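Asker: You'll find upload-v3.cif just under this line, and it carries mmCIF, C-alpha atoms.
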data_work
loop_
_atom_site.group_PDB
_atom_site.id
_atom_site.type_symbol
_atom_site.label_atom_id
_atom_site.label_comp_id
_atom_site.auth_asym_id
_atom_site.auth_seq_id
_atom_site.Cartn_x
_atom_site.Cartn_y
_atom_site.Cartn_z
ATOM 1 C CA MET A 759 21.516 16.723 9.922
ATOM 2 C CA SER A 760 18.954 14.054 9.120
ATOM 3 C CA VAL A 761 15.265 14.055 8.189
ATOM 4 C CA THR A 762 12.816 11.367 9.329
ATOM 5 C CA VAL A 763 9.458 10.676 7.648
ATOM 6 C CA ARG A 764 6.726 8.253 8.713
ATOM 7 C CA VAL A 765 4.650 6.641 5.933
ATOM 8 C CA PRO A 766 1.523 4.455 6.177
ATOM 9 C CA ALA A 767 0.457 1.133 4.720
ATOM 10 C CA LYS A 768 -2.731 0.942 2.683
ATOM 11 C CA VAL A 769 -5.656 -1.360 2.153
ATOM 12 C CA ASN A 770 -7.703 -1.359 -1.043
ATOM 13 C CA VAL A 771 -11.329 -1.390 0.037
ATOM 14 C CA GLN A 772 -12.266 -1.564 -3.636
ATOM 15 C CA LEU A 773 -9.985 -2.642 -6.455
ATOM 16 C CA ALA A 774 -11.803 -2.802 -9.793
ATOM 17 C CA VAL A 775 -9.508 -3.961 -12.597
ATOM 18 C CA GLY A 776 -10.007 -3.386 -16.299
ATOM 19 C CA ALA A 777 -8.634 -5.374 -19.208
ATOM 20 C CA ALA A 778 -4.947 -5.190 -20.046
ATOM 21 C CA ARG A 779 -4.008 -2.074 -22.004
ATOM 22 C CA PRO A 780 -1.616 -2.063 -24.986
ATOM 23 C CA ASP A 781 1.150 -0.819 -22.632
ATOM 24 C CA GLY A 782 0.610 -3.844 -20.369
ATOM 25 C CA PHE A 783 -0.947 -1.877 -17.522
ATOM 26 C CA HIS A 784 -4.587 -2.123 -16.448
ATOM 27 C CA ASP A 785 -7.028 0.711 -15.863
ATOM 28 C CA LEU A 786 -8.186 0.685 -12.259
ATOM 29 C CA ALA A 787 -10.795 2.121 -9.958
ATOM 30 C CA ASN A 788 -8.855 1.809 -6.750
ATOM 31 C CA VAL A 789 -10.280 3.027 -3.435
ATOM 32 C CA PHE A 790 -7.333 3.401 -1.075
ATOM 33 C CA LEU A 791 -7.527 3.679 2.690
ATOM 34 C CA ALA A 792 -4.347 4.397 4.669
ATOM 35 C CA VAL A 793 -3.973 2.327 7.832
ATOM 36 C CA SER A 794 -1.935 2.769 11.006
ATOM 37 C CA LEU A 795 0.957 0.470 10.159
ATOM 38 C CA TYR A 796 4.006 2.543 9.311
ATOM 39 C CA ASP A 797 7.508 2.443 7.931
ATOM 40 C CA VAL A 798 9.898 5.163 9.085
ATOM 41 C CA VAL A 799 12.435 6.506 6.570
ATOM 42 C CA THR A 800 15.459 8.537 7.716
ATOM 43 C CA VAL A 801 17.833 10.247 5.298
ATOM 44 C CA THR A 802 21.284 11.528 6.211
ATOM 45 C CA PRO A 803 23.980 13.170 4.069
ATOM 46 C CA ALA A 804 26.575 10.643 2.870
ATOM 47 C CA ASP A 805 29.387 10.234 0.344
ATOM 48 C CA ALA A 806 27.201 8.057 -1.894
ATOM 49 C CA LEU A 807 23.661 6.724 -2.146
ATOM 50 C CA THR A 808 23.217 3.789 0.238
ATOM 51 C CA VAL A 809 20.180 2.009 1.683
ATOM 52 C CA THR A 810 19.892 0.051 4.928
ATOM 53 C CA CYS A 811 16.867 -1.567 6.517
ATOM 54 C CA SER A 812 15.851 -2.912 9.918
ATOM 55 C CA GLY A 813 12.727 -4.521 11.336
ATOM 56 C CA PRO A 814 10.561 -7.557 10.478
ATOM 57 C CA ASP A 815 11.614 -9.252 7.217
ATOM 58 C CA ALA A 816 14.287 -6.620 6.594
ATOM 59 C CA ASP A 817 16.363 -9.320 4.902
ATOM 60 C CA ARG A 818 13.732 -9.455 2.133
ATOM 61 C CA VAL A 819 14.047 -5.746 1.284
ATOM 62 C CA PRO A 820 16.377 -4.987 -1.675
ATOM 63 C CA LEU A 821 19.130 -2.552 -0.778
ATOM 64 C CA ASP A 822 20.279 -1.786 -4.323
ATOM 65 C CA GLY A 823 19.013 0.566 -7.003
ATOM 66 C CA THR A 824 15.769 -1.378 -7.381
ATOM 67 C CA ASN A 825 14.592 -0.160 -3.966
ATOM 68 C CA LEU A 826 11.928 2.492 -4.487
ATOM 69 C CA ALA A 827 13.455 4.684 -1.793
ATOM 70 C CA ALA A 828 16.765 4.713 -3.701
ATOM 71 C CA ARG A 829 14.952 5.379 -6.964
ATOM 72 C CA ALA A 830 13.066 8.257 -5.326
ATOM 73 C CA ALA A 831 16.311 9.880 -4.189
ATOM 74 C CA GLU A 832 17.849 9.477 -7.649
ATOM 75 C CA LEU A 833 14.760 10.888 -9.368
ATOM 76 C CA LEU A 834 14.571 13.982 -7.150
ATOM 77 C CA ALA A 835 18.307 14.583 -7.438
ATOM 78 C CA SER A 836 18.219 14.313 -11.231
ATOM 79 C CA ARG A 837 15.391 16.869 -11.421
ATOM 80 C CA HIS A 838 17.503 19.378 -9.522
ATOM 81 C CA GLY A 839 20.905 18.624 -11.047
ATOM 82 C CA ILE A 840 22.478 17.349 -7.845
ATOM 83 C CA GLU A 841 24.141 14.113 -6.801
ATOM 84 C CA PRO A 842 22.043 11.763 -4.602
ATOM 85 C CA ARG A 843 24.642 11.589 -1.853
ATOM 86 C CA VAL A 844 22.436 10.297 0.919
ATOM 87 C CA HIS A 845 22.100 7.361 3.273
ATOM 88 C CA ILE A 846 18.529 6.077 3.475
ATOM 89 C CA HIS A 847 17.544 3.955 6.464
ATOM 90 C CA ILE A 848 14.164 2.209 6.471
ATOM 91 C CA GLU A 849 12.638 1.026 9.740
ATOM 92 C CA LYS A 850 10.310 -1.597 8.302
ATOM 93 C CA ASP A 851 6.997 -2.393 9.981
ATOM 94 C CA ILE A 852 4.679 -2.693 6.963
ATOM 95 C CA PRO A 853 4.553 -6.345 5.793
ATOM 96 C CA VAL A 854 7.065 -6.970 2.993
ATOM 97 C CA ALA A 855 5.654 -8.041 -0.409
ATOM 98 C CA GLY A 856 2.255 -8.197 1.233
ATOM 99 C CA GLY A 857 -0.012 -6.113 -0.978
ATOM 100 C CA MET A 858 0.029 -3.173 1.457
ATOM 101 C CA ALA A 859 2.319 -0.859 -0.555
ATOM 102 C CA GLY A 860 5.288 -1.020 1.800
ATOM 103 C CA GLY A 861 7.796 -0.430 -0.986
ATOM 104 C CA SER A 862 5.696 2.421 -2.348
ATOM 105 C CA ALA A 863 5.508 3.918 1.131
ATOM 106 C CA ASP A 864 9.299 3.858 1.373
ATOM 107 C CA GLY A 865 9.569 5.601 -1.996
ATOM 108 C CA ALA A 866 7.171 8.341 -0.916
ATOM 109 C CA GLY A 867 8.925 8.709 2.430
ATOM 110 C CA ALA A 868 12.366 8.999 0.843
ATOM 111 C CA LEU A 869 11.105 11.535 -1.683
ATOM 112 C CA LEU A 870 9.646 13.809 0.992
ATOM 113 C CA ALA A 871 12.661 13.359 3.282
ATOM 114 C CA CYS A 872 15.213 14.122 0.560
ATOM 115 C CA ASP A 873 13.214 17.154 -0.567
ATOM 116 C CA ARG A 874 13.428 18.490 2.981
ATOM 117 C CA LEU A 875 17.106 17.489 3.432
ATOM 118 C CA TRP A 876 18.259 19.070 0.162
ATOM 119 C CA GLY A 877 15.975 22.097 0.366
ATOM 120 C CA THR A 878 14.696 21.489 -3.152
ATOM 121 C CA GLY A 879 11.380 23.139 -2.280
ATOM 122 C CA SER A 880 9.078 20.882 -4.280
ATOM 123 C CA SER A 881 5.378 21.713 -4.105
ATOM 124 C CA PRO A 882 2.881 18.995 -3.119
ATOM 125 C CA SER A 883 1.844 18.689 -6.768
ATOM 126 C CA ASP A 884 5.503 18.377 -7.819
ATOM 127 C CA LEU A 885 6.011 15.554 -5.321
ATOM 128 C CA LEU A 886 2.845 13.762 -6.454
ATOM 129 C CA GLU A 887 4.038 13.963 -10.055
ATOM 130 C CA LEU A 888 7.379 12.422 -9.103
ATOM 131 C CA CYS A 889 5.562 9.760 -7.069
ATOM 132 C CA ALA A 890 3.525 8.781 -10.125
ATOM 133 C CA GLU A 891 6.753 8.253 -12.075
ATOM 134 C CA LEU A 892 7.977 5.885 -9.366
ATOM 135 C CA GLY A 893 4.889 3.642 -9.265
ATOM 136 C CA SER A 894 1.121 3.421 -9.247
ATOM 137 C CA ASP A 895 0.716 3.263 -5.443
ATOM 138 C CA VAL A 896 3.382 5.815 -4.517
ATOM 139 C CA PRO A 897 1.201 8.952 -4.824
ATOM 140 C CA PHE A 898 -1.291 7.587 -2.312
ATOM 141 C CA SER A 899 1.484 6.698 0.116
ATOM 142 C CA LEU A 900 2.404 10.388 0.077
ATOM 143 C CA ALA A 901 -1.197 11.613 0.365
ATOM 144 C CA GLY A 902 -2.695 9.142 2.871
ATOM 145 C CA GLY A 903 -6.231 9.383 4.216
ATOM 146 C CA ALA A 904 -8.648 7.961 1.670
ATOM 147 C CA ALA A 905 -8.687 8.426 -2.085
ATOM 148 C CA LEU A 906 -9.980 7.077 -5.364
ATOM 149 C CA GLY A 907 -7.180 6.260 -7.781
ATOM 150 C CA ILE A 908 -7.924 5.921 -11.485
ATOM 151 C CA GLY A 909 -5.707 5.324 -14.496
ATOM 152 C CA ARG A 910 -3.060 2.969 -13.112
ATOM 153 C CA GLY A 911 -4.207 4.130 -9.669
ATOM 154 C CA GLU A 912 -1.913 7.142 -9.637
ATOM 155 C CA GLN A 913 -4.543 9.785 -10.497
ATOM 156 C CA LEU A 914 -5.984 10.571 -7.063
ATOM 157 C CA SER A 915 -9.161 12.202 -5.813
ATOM 158 C CA SER A 916 -9.435 12.490 -2.046
ATOM 159 C CA LEU A 917 -12.434 10.929 -0.317
ATOM 160 C CA GLU A 918 -14.222 11.874 2.870
ATOM 161 C CA VAL A 919 -14.233 9.363 5.728
ATOM 162 C CA GLY A 920 -16.853 9.828 8.429
ATOM 163 C CA GLY A 921 -15.276 7.791 11.202
ATOM 164 C CA ALA A 922 -12.614 5.290 12.210
ATOM 165 C CA PHE A 923 -12.528 1.759 10.810
ATOM 166 C CA HIS A 924 -10.741 -1.125 12.534
ATOM 167 C CA TRP A 925 -8.779 -3.821 10.733
ATOM 168 C CA VAL A 926 -6.793 -6.991 11.259
ATOM 169 C CA PHE A 927 -4.139 -7.978 8.719
ATOM 170 C CA ALA A 928 -2.990 -11.593 8.529
ATOM 171 C CA VAL A 929 0.583 -11.854 7.257
ATOM 172 C CA ALA A 930 1.269 -14.932 5.136
ATOM 173 C CA ASP A 931 4.482 -16.845 4.674
ATOM 174 C CA GLY A 932 6.288 -15.754 1.519
ATOM 175 C CA GLY A 933 5.188 -13.094 -0.918
ATOM 176 C CA LEU A 934 3.228 -12.718 -4.120
ATOM 177 C CA SER A 935 4.604 -10.915 -7.144
ATOM 178 C CA THR A 936 2.219 -8.167 -8.238
ATOM 179 C CA PRO A 937 3.081 -8.685 -11.950
ATOM 180 C CA ALA A 938 2.418 -12.423 -11.524
ATOM 181 C CA VAL A 939 -0.999 -11.720 -10.000
ATOM 182 C CA TYR A 940 -1.905 -9.434 -12.900
ATOM 183 C CA ARG A 941 -0.755 -12.086 -15.381
ATOM 184 C CA GLU A 942 -2.998 -14.585 -13.636
ATOM 185 C CA PHE A 943 -5.853 -12.050 -13.762
ATOM 186 C CA ASP A 944 -5.347 -11.820 -17.530
ATOM 187 C CA ARG A 945 -5.263 -15.604 -17.866
ATOM 188 C CA LEU A 946 -8.485 -16.009 -15.892
ATOM 189 C CA ALA A 947 -10.129 -13.206 -17.902
ATOM 190 C CA ALA A 948 -9.176 -14.612 -21.298
ATOM 191 C CA GLY A 949 -12.168 -15.036 -23.599
ATOM 192 C CA ARG A 950 -14.599 -12.920 -21.597
ATOM 193 C CA ALA A 951 -15.472 -9.245 -21.564
ATOM 194 C CA VAL A 952 -13.908 -7.315 -18.701
ATOM 195 C CA PRO A 953 -16.073 -4.341 -17.663
ATOM 196 C CA GLU A 954 -14.626 -0.851 -17.401
ATOM 197 C CA PRO A 955 -13.569 -0.259 -13.793
ATOM 198 C CA ALA A 956 -15.700 2.184 -11.815
ATOM 199 C CA ALA A 957 -15.928 3.192 -8.169
ATOM 200 C CA ASP A 958 -18.865 1.737 -6.265
ATOM 201 C CA PRO A 959 -21.062 4.630 -5.049
ATOM 202 C CA VAL A 960 -22.399 2.490 -2.191
ATOM 203 C CA LEU A 961 -18.858 1.970 -0.907
ATOM 204 C CA ILE A 962 -18.017 5.666 -1.278
ATOM 205 C CA ASP A 963 -21.151 6.538 0.706
ATOM 206 C CA ALA A 964 -20.235 3.989 3.392
ATOM 207 C CA LEU A 965 -16.831 5.627 3.850
ATOM 208 C CA ARG A 966 -18.368 9.087 4.003
ATOM 209 C CA ALA A 967 -20.903 7.967 6.603
ATOM 210 C CA GLY A 968 -18.401 5.949 8.647
ATOM 211 C CA ASP A 969 -20.792 2.987 8.313
ATOM 212 C CA VAL A 970 -18.784 -0.158 9.036
ATOM 213 C CA ASN A 971 -21.577 -2.571 8.126
ATOM 214 C CA ALA A 972 -22.215 -0.912 4.767
ATOM 215 C CA LEU A 973 -18.480 -0.869 4.058
ATOM 216 C CA ALA A 974 -18.213 -4.553 4.980
ATOM 217 C CA ALA A 975 -21.000 -5.398 2.520
ATOM 218 C CA SER A 976 -19.278 -3.556 -0.339
ATOM 219 C CA LEU A 977 -15.588 -4.503 -0.016
ATOM 220 C CA ALA A 978 -14.317 -5.864 -3.329
ATOM 221 C CA ASN A 979 -10.990 -6.872 -4.869
ATOM 222 C CA GLY A 980 -10.880 -7.786 -8.544
ATOM 223 C CA LEU A 981 -7.435 -9.338 -8.079
ATOM 224 C CA GLN A 982 -8.595 -11.707 -5.358
ATOM 225 C CA PRO A 983 -9.497 -14.630 -7.669
ATOM 226 C CA ALA A 984 -6.043 -14.398 -9.259
ATOM 227 C CA ALA A 985 -4.299 -14.233 -5.883
ATOM 228 C CA LEU A 986 -6.276 -17.235 -4.623
ATOM 229 C CA SER A 987 -5.493 -19.130 -7.825
ATOM 230 C CA LEU A 988 -1.782 -18.672 -7.151
ATOM 231 C CA ARG A 989 -2.048 -19.153 -3.370
ATOM 232 C CA PRO A 990 -5.162 -21.316 -2.669
ATOM 233 C CA GLU A 991 -4.277 -21.612 1.019
ATOM 234 C CA LEU A 992 -5.222 -17.956 1.511
ATOM 235 C CA ALA A 993 -8.876 -19.014 1.323
ATOM 236 C CA THR A 994 -8.364 -20.883 4.595
ATOM 237 C CA THR A 995 -7.042 -17.710 6.226
ATOM 238 C CA LEU A 996 -10.034 -15.724 4.966
ATOM 239 C CA ASP A 997 -12.392 -18.362 6.380
ATOM 240 C CA ALA A 998 -10.591 -18.368 9.743
ATOM 241 C CA GLY A 999 -10.960 -14.607 10.146
ATOM 242 C CA LEU A 1000 -14.645 -14.693 9.291
ATOM 243 C CA ALA A 1001 -15.187 -17.587 11.689
ATOM 244 C CA GLY A 1002 -13.433 -15.542 14.367
ATOM 245 C CA GLY A 1003 -15.891 -12.670 14.080
ATOM 246 C CA ALA A 1004 -14.702 -10.381 11.261
ATOM 247 C CA LEU A 1005 -17.479 -8.559 9.406
ATOM 248 C CA ALA A 1006 -15.741 -9.026 6.045
ATOM 249 C CA ALA A 1007 -12.516 -10.369 4.618
ATOM 250 C CA LEU A 1008 -10.541 -9.874 1.434
ATOM 251 C CA VAL A 1009 -7.074 -10.249 0.008
ATOM 252 C CA SER A 1010 -5.209 -6.962 0.423
ATOM 253 C CA GLY A 1011 -4.290 -5.675 -3.035
ATOM 254 C CA SER A 1012 -2.294 -8.327 -4.873
ATOM 255 C CA GLY A 1013 -1.739 -10.245 -1.618
ATOM 256 C CA PRO A 1014 -0.744 -12.394 0.088
ATOM 257 C CA THR A 1015 -1.691 -10.360 3.169
ATOM 258 C CA THR A 1016 -5.390 -10.758 3.964
ATOM 259 C CA ALA A 1017 -7.493 -7.969 5.495
ATOM 260 C CA PHE A 1018 -10.379 -8.287 7.954
ATOM 261 C CA LEU A 1019 -12.792 -5.472 8.747
ATOM 262 C CA VAL A 1020 -14.141 -5.529 12.309
ATOM 263 C CA ASP A 1021 -16.466 -3.323 14.320
ATOM 264 C CA SER A 1022 -14.204 -2.257 17.208
ATOM 265 C CA GLN A 1023 -10.726 -2.392 18.711
ATOM 266 C CA GLU A 1024 -11.924 -5.161 21.035
ATOM 267 C CA SER A 1025 -13.140 -7.199 18.059
ATOM 268 C CA ALA A 1026 -9.836 -6.595 16.296
ATOM 269 C CA ASP A 1027 -7.878 -8.041 19.208
ATOM 270 C CA LYS A 1028 -10.194 -11.072 19.316
ATOM 271 C CA VAL A 1029 -9.998 -11.739 15.574
ATOM 272 C CA ALA A 1030 -6.198 -11.347 15.609
ATOM 273 C CA ALA A 1031 -5.881 -13.866 18.428
ATOM 274 C CA GLY A 1032 -8.157 -16.295 16.597
ATOM 275 C CA LEU A 1033 -6.174 -16.005 13.383
ATOM 276 C CA LEU A 1034 -2.921 -16.740 15.193
ATOM 277 C CA ALA A 1035 -4.495 -19.704 16.984
ATOM 278 C CA SER A 1036 -5.792 -21.066 13.658
ATOM 279 C CA GLY A 1037 -2.258 -21.512 12.350
ATOM 280 C CA THR A 1038 -3.251 -20.048 8.975
ATOM 281 C CA CYS A 1039 -0.889 -17.053 9.124
ATOM 282 C CA ARG A 1040 2.472 -16.197 10.659
ATOM 283 C CA ALA A 1041 1.420 -12.855 12.160
ATOM 284 C CA ALA A 1042 -1.741 -10.855 12.746
ATOM 285 C CA ARG A 1043 -1.540 -7.060 12.911
ATOM 286 C CA VAL A 1044 -4.211 -4.723 14.268
ATOM 287 C CA ALA A 1045 -4.644 -1.256 12.734
ATOM 288 C CA SER A 1046 -7.152 1.533 12.236
ATOM 289 C CA SER A 1047 -7.971 3.898 9.398
ATOM 290 C CA PRO A 1048 -7.848 6.453 7.985
ATOM 291 C CA ALA A 1049 -4.219 7.324 8.715
ATOM 292 C CA PRO A 1050 -2.238 10.395 7.638
ATOM 293 C CA GLY A 1051 0.072 10.264 4.674
ATOM 294 C CA ALA A 1052 3.826 10.811 4.662
ATOM 295 C CA THR A 1053 4.667 12.976 7.687
ATOM 296 C CA VAL A 1054 7.974 14.600 8.627
ATOM 297 C CA LEU A 1055 8.785 13.574 12.197
ATOM 298 C CA GLY A 1056 12.022 15.447 12.670
ATOM 299 C CA ASP A 1057 14.933 17.150 10.943
#
Starting from the file, give its structure as C-alpha cells.

Answerer:
Amino acid sequence: MSVTVRVPAKVNVQLAVGAARPDGFHDLANVFLAVSLYDVVTVTPADALTVTCSGPDADRVPLDGTNLAARAAELLASRHGIEPRVHIHIEKDIPVAGGMAGGSADGAGALLACDRLWGTGSSPSDLLELCAELGSDVPFSLAGGAALGIGRGEQLSSLEVGGAFHWVFAVADGGLSTPAVYREFDRLAAGRAVPEPAADPVLIDALRAGDVNALAASLANGLQPAALSLRPELATTLDAGLAGGALAALVSGSGPTTAFLVDSQESADKVAAGLLASGTCRAARVASSPAPGATVLGD
C-alpha cells in the first residue's frame, strides 16, 4: 500500500516583515497565495525511514534527516509512539531553494500522507499544529488557497479570492538562503524604526474582488531589498518581465525566484517566452492561483 499527496507552491503577494524578535524570528504579515506548481509526495511502508527524489534539481534536495518530509514523518510517528518505517519519494516540480516553499510543501505532503498510511486519524487542526512545529510556511502548504499568516507566518486566517490570477515565475541559477536574507534584512534595517507588520486592506480587497490591476498595484515584499542586495542581478530579471508585459513583478518570498503577475494565460505565455529570450533566468514557469492545498491523490 502507498499513499500519494499533491502539494502546491506559494507566492507571497504581501510579505510585511517586523523587526527581529528576541528569539531571532520576525513577526510577519504574510499574504499567501497557492499556485498551480506542485510536488507529489508518495509514502510506502519500508524497513526504515528513507527519502528519494526525482525531477528538476532533485540533486539539490537533501535526502537525510534535514529534509522536511523526513522530519514530518518522524514528528507524526513520535506523537503516536510508532516507528517511522516509511519510504518517502518526492516528485519535485516546485523550484528548489526558490522562495516558493517547496521544502515546506514536501513536509506538509509527507505529514498528510503518513497520517493516511498509518491510520493515525489526525484532525485538520492537529495536522496544522504539527505543521507549525516543522516550519513557518508548512501550515499554508497544507491549507492552500489564500491566507493571511501572522506571527512567524504560521497562524493562518483564510482569505476569499474572487477569481483566478495568472503568474509567471522566473527560476534563477543557484539559491538564496532564507536565514541569510533575513540577516541582510536586519543589517539594512539597523538604526531605523521597523514598523509593525500589518496586512494591506487594499490588497485583501483586490483578492476578494478578483481585481488583477488592483492586486498588481499593491504587491509588496519586505524582503525584496535584502534579496536584491545579495543577488543584484535579480533586478535585471524583474525589469525584463515588466518590459515583456507583466503588470507587476516582485521577488518571491526570500528569492531568488521572481514572480510576475499578468492579466491572462495568453499574457503569461508571452511574458514567459520573453523572459527566456532575455537570458536573465534559466527557466520560466506559468501558473495560476488560487490552488488547493495538500490533496490525497491515491492510496

Asker: My list of candidates is A:Ala978, A:Val1054, A:Leu988, A:Leu869. Which is closest to A:Leu961 when distances are computed with only C-alpha atoms?

Answerer: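 Selected residue with least distance to A:Leu961: A:Ala978.
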
Asker: Under the PyMOL selection byres ((chain A and resi 789) around 8), which residues of this model are included? Write them out as a VMD selection string.

Answerer: chain A and resid 770 to 773 787 to 788 790 to 791 904 to 907 957

Asker: Which residue out of A:Val801, A:Leu900, A:Met858, A:Ile908 has the minimum interatomic distance to A:Ala1017 when all atoms listed in the file are used?

Answerer: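 With all atoms listed in the file as the atom set, the closest residue is A:Met858.
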
Asker: Have a look at atom CA of A:Arg945 and atom CA of A:Gly893 and let me know their distance in Å, one decimal.

Answerer: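 It comes out at 23.4 Å.
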
Asker: Quick one: pull the distance between atom CA of A:Val775 and atom CA of A:Leu1019, Å, one decimal.

Answerer: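 These two atoms are separated by 21.6 Å.
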
Asker: Could you write out as AutoDock Vina command-line options the box around stretch 862-872 of chain A (axis-aligned, all atoms listed in the file, 8 Å on each side), with centre and edge lengths in Å to one decimal?

Answerer:
--center_x 10.4 --center_y 8.3 --center_z 0.5 --size_x 25.7 --size_y 27.7 --size_z 21.6

Asker: Between A:Ile840, A:Leu981, A:Ala964, A:Arg818, which one has atoms that come closest to A:Ala938, using all atoms listed in the file?

Answerer: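 Smallest distance to A:Ala938 is found for A:Leu981.
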
Asker: Tell me which of A:Val844, A:Leu1055, A:Ala816, A:Ala1026 sits closest to A:Ala804, counting only C-alpha atoms.

Answerer: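 Of all the options, A:Val844 lies closest to A:Ala804.
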